[in-house]
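Report on the following structure.
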Number of protein chains: 2
Amino acid sequence: LPMVARMATDDYVGFTFFVGCMAMMAASAFFFLSMNSFDRKWRTSILVSGLITFIAAVHYWYMRDYWSGFAESPTFFRYVDWILTVPLMCVEFFLILRVAGAKTSLMWRLIVLSVIMLVTGYVGEAVDRDNAWLWGLISGIAYFVIVYDIWLGKAKKLAIEAGGSVLTAHKTLCWFVLVGWAIYPVGYMAGTPGWYDGIFGGLDLNVVYNIGDAINKIGFGLVIYGLAVSQSEKTL
Amino acid sequence: LPMVARMATDDYVGFTFFVGCMAMMAASAFFFLSMNSFDRKWRTSILVSGLITFIAAVHYWYMRDYWSGFAESPTFFRYVDWILTVPLMCVEFFLILRVAGAKTSLMWRLIVLSVIMLVTGYVGEAVDRDNAWLWGLISGIAYFVIVYDIWLGKAKKLAIEAGGSVLTAHKTLCWFVLVGWAIYPVGYMAGTPGWYDGIFGGLDLNVVYNIGDAINKIGFGLVIYGLAVSQSEKTL
Ligand SMILES: CC1=C(/C=C/C(C)=C/C=C/C(C)=C/C=O)C(C)(C)CCC1
Ligand SMILES: CC1=C(/C=C/C(C)=C/C=C/C(C)=C/C=O)C(C)(C)CCC1
């Protein structure tokens, strides 16, 4: 009994699931194994980057199997993954802004917003598809508030106070959230019925989500890694 | 043959099993990989925190499979998990109070009480369900003695002697046992027949247990982690 299913050579969704799975595993090894080369105060951030890709690796493992076995969108596992990794990305914002005295309330605010964004997204995608546009709208509002908070709100102020490479890293992460995360609503519109059918109907929701995840999870982690590198060079 | 089962998007019990499983795996990676950043005398405590979540990760792996395969409560695996993790939590109390000279007799007393609590709970839930209320009562008495011991007994005296952040951590763990552990009897009453049917009948035993486990296992470990952080900052 083989452990992998037979894969059609033109199964591009399957391809992105398998590539994504391995990329997440490799990224986890990279973050976990390099964390001890840095100053103690950066280790936790890199460890959390590794946790994010590790969690994704496990769920891509399920999802690639689910896809090859049932040829069905693994919505359930997609959201199990997000409900854990997106809050951890909010933790990352907090961790790098701690040098400027960020409080845990900032972290919890972002976490709550991200949970609202994901729960309403799940309802629209899986439970109440008829009103997908409405759930997507609520989800989008939560997303918008997150964008506002980090670009112009409290988090931004702290980043300016910290200055230097923390400010640079914060700015890059802000771009990830504004542009990288915006990939997901596109996938959502491609995969749910609504007035937007004509615009995004041709795209495959899973390919879009898989590309988004690779950029956002691994890229996000590498920004933190780069920050740790630049800060450690300064102290050495 | 796919390794994961097809999951209904409204299977919320299954959702908590999968989220719980992954959260335990990620927490284990976190504790195992960060332990060496601390003073030697805190490493064992953090390692034990990791063992608790690791044991849980394995059993959640079984339980999520059991649930998706048989749609049945995995009581057997639930108690295999608890019979290992709850005594280890008693060990944690001993480990942090060692600085004030805690003796192993304190640890063994808590371990024996926790085993009584769990064995009688298992009998009520799985063997002699007709008398679930009686077994629950005996279990509850053992639980009560544990609460007494740590809040007002010997353990409390040692925590006061140790003072500082050990006392703070001990207090937080005491709250976990009083409030966090009290989630379990609620799940028990939701899942067994008895005079309490009318009160808790609407809840799902597994959802309640899964939420309890996430709070108690990961939260408990993070309190120990926080203690190690605060103590290591002092020495550096
Ligand atoms: C706005 C919006 C959405 C946003 C999803 C996002 C922003 C997900 C981010 C996931 C990440 C960053 C995962 C990687 O770790 C949904 C839920 C698709 C529903 C439609 C509206
Ligand atoms: C009082 C009582 C119970 C208590 C269970 C407890 C307190 C379990 C704790 C488990 C933990 C902390 C696991 C996490 O690691 C039972 C057995 C449900 C039976 C009913 C009465």
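Within each chain, counting starts at residue 1; across the structure tokens, chains are named A, B, ... in the order shown, with ligands numbered 1 upward in that order.
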Compute the chain B side of the contact with chain A at 9 Å, counting only C-alpha atoms, and hand it back as a short mmCIF file (atom, residue, chain, number, x, y, z; two decimals) with N, CA, C and O atoms, in the first residue's frame.
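Result went into out-v9.cif, see below:
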```
data_model
loop_
_atom_site.label_atom_id
_atom_site.label_comp_id
_atom_site.auth_asym_id
_atom_site.auth_seq_id
_atom_site.Cartn_x
_atom_site.Cartn_y
_atom_site.Cartn_z
N LEU B 1 -5.01 5.65 -0.54
CA LEU B 1 -5.75 5.75 0.74
C LEU B 1 -5.26 6.96 1.53
O LEU B 1 -4.14 6.95 2.05
N PRO B 2 -6.06 8.00 1.63
CA PRO B 2 -5.58 9.22 2.31
C PRO B 2 -5.38 8.99 3.80
O PRO B 2 -6.04 8.15 4.40
N MET B 3 -4.44 9.74 4.33
CA MET B 3 -4.13 9.59 5.75
C MET B 3 -5.08 10.36 6.65
O MET B 3 -5.09 10.18 7.84
N VAL B 4 -5.80 11.30 6.06
CA VAL B 4 -6.79 12.02 6.86
C VAL B 4 -8.17 11.70 6.34
O VAL B 4 -8.35 11.40 5.17
N ALA B 5 -9.13 11.77 7.23
CA ALA B 5 -10.50 11.47 6.84
C ALA B 5 -11.12 12.73 6.24
O ALA B 5 -10.63 13.84 6.42
N ARG B 6 -12.19 12.51 5.52
CA ARG B 6 -12.97 13.63 5.01
C ARG B 6 -13.64 14.30 6.21
O ARG B 6 -14.25 13.65 7.05
N MET B 7 -13.49 15.62 6.31
CA MET B 7 -14.06 16.29 7.47
C MET B 7 -15.24 17.16 7.06
O MET B 7 -15.14 17.95 6.12
N ALA B 8 -16.36 17.00 7.76
CA ALA B 8 -17.50 17.87 7.50
C ALA B 8 -17.17 19.26 8.01
O ALA B 8 -16.57 19.41 9.08
N THR B 9 -17.54 20.28 7.23
CA THR B 9 -17.15 21.63 7.63
C THR B 9 -17.87 22.10 8.89
O THR B 9 -17.49 23.10 9.49
N ASP B 10 -18.90 21.37 9.31
CA ASP B 10 -19.59 21.78 10.55
C ASP B 10 -19.29 20.81 11.70
O ASP B 10 -20.04 20.75 12.67
N PHE B 15 -13.05 19.85 14.77
CA PHE B 15 -12.25 21.07 14.67
C PHE B 15 -11.40 21.27 15.92
O PHE B 15 -10.20 21.52 15.82
N THR B 16 -12.02 21.11 17.10
CA THR B 16 -11.23 21.31 18.33
C THR B 16 -10.19 20.21 18.50
O THR B 16 -9.13 20.46 19.07
N PHE B 18 -8.50 18.78 16.01
CA PHE B 18 -7.39 19.10 15.12
C PHE B 18 -6.61 20.33 15.59
O PHE B 18 -5.38 20.33 15.60
N VAL B 19 -7.34 21.37 15.98
CA VAL B 19 -6.64 22.56 16.48
C VAL B 19 -5.85 22.20 17.73
O VAL B 19 -4.69 22.59 17.88
N MET B 22 -2.60 20.24 16.87
CA MET B 22 -1.54 21.07 16.33
C MET B 22 -0.99 22.04 17.37
O MET B 22 0.23 22.28 17.43
N ALA B 23 -1.87 22.59 18.20
CA ALA B 23 -1.40 23.51 19.23
C ALA B 23 -0.46 22.79 20.19
O ALA B 23 0.56 23.35 20.61
N MET B 25 1.46 20.18 19.45
CA MET B 25 2.72 19.93 18.75
C MET B 25 3.57 21.20 18.73
O MET B 25 4.78 21.15 18.99
N ALA B 26 2.92 22.32 18.39
CA ALA B 26 3.68 23.58 18.33
C ALA B 26 4.21 23.96 19.70
O ALA B 26 5.36 24.39 19.84
N ALA B 27 3.40 23.76 20.74
CA ALA B 27 3.85 24.09 22.09
C ALA B 27 5.05 23.23 22.48
O ALA B 27 6.01 23.71 23.10
N ALA B 29 7.32 21.91 20.45
CA ALA B 29 8.49 22.43 19.75
C ALA B 29 9.00 23.68 20.48
O ALA B 29 10.20 23.85 20.68
N PHE B 30 8.07 24.53 20.88
CA PHE B 30 8.45 25.76 21.57
C PHE B 30 9.21 25.47 22.87
O PHE B 30 10.28 26.02 23.11
N LEU B 33 12.67 23.54 22.18
CA LEU B 33 13.72 24.31 21.52
C LEU B 33 14.18 25.52 22.34
O LEU B 33 15.26 26.05 22.10
N SER B 34 13.36 25.97 23.27
CA SER B 34 13.78 27.15 24.02
C SER B 34 14.44 26.80 25.35
O SER B 34 15.05 27.66 25.98
N SER B 37 17.98 27.99 26.37
CA SER B 37 18.29 29.42 26.53
C SER B 37 18.24 29.84 28.00
O SER B 37 18.44 31.01 28.30
#
```
At a cut-off of 9 Å and counting only C-alpha atoms and all ligand atoms, what residues surround ligand 2? Please answer as a PyMOL selection string.
chain B and resi 52-53+56+79+81-89+114+117-122+124-125+132-133+135-144+176-178+180-189+209+212-218+220
Please provide as a list in words all residues within 7 Å of Ile46 of chain A, with the sequence filter that same-chain residues fewer than 6 positions apart are discarded (counting only C-alpha atoms).
Phe31, Met35, Ile224 and Tyr225 of chain A
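The spacing separating atom CA of Gly164 of chain B from atom CA of Leu227 of chain B amounts to 10.0 Å.
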Go through A:Thr192, A:Thr104, A:Gln231, A:Thr168 and flag the residue nearest ligand 1, using only C-alpha atoms and all ligand atoms for the distances.
A:Thr192
Could you write out, as a PyMOL selection string, all the residues of chain A that DSSP marks as alpha helix (DSSP H)?
chain A and resi 12-34+40-70+75-97+104-122+132-151+154-162+164-175+183-191+197-200+205-213+220-235
If you count only C-alpha atoms, the residue of A:Glu92, A:Glu233, A:Asp197, A:Asp11 closest to Ala155 of chain A turns out to be A:Glu92
Taken to one decimal, the atom CA of Val166 of chain A-atom CA of Gly221 of chain B distance is 29.3 Å
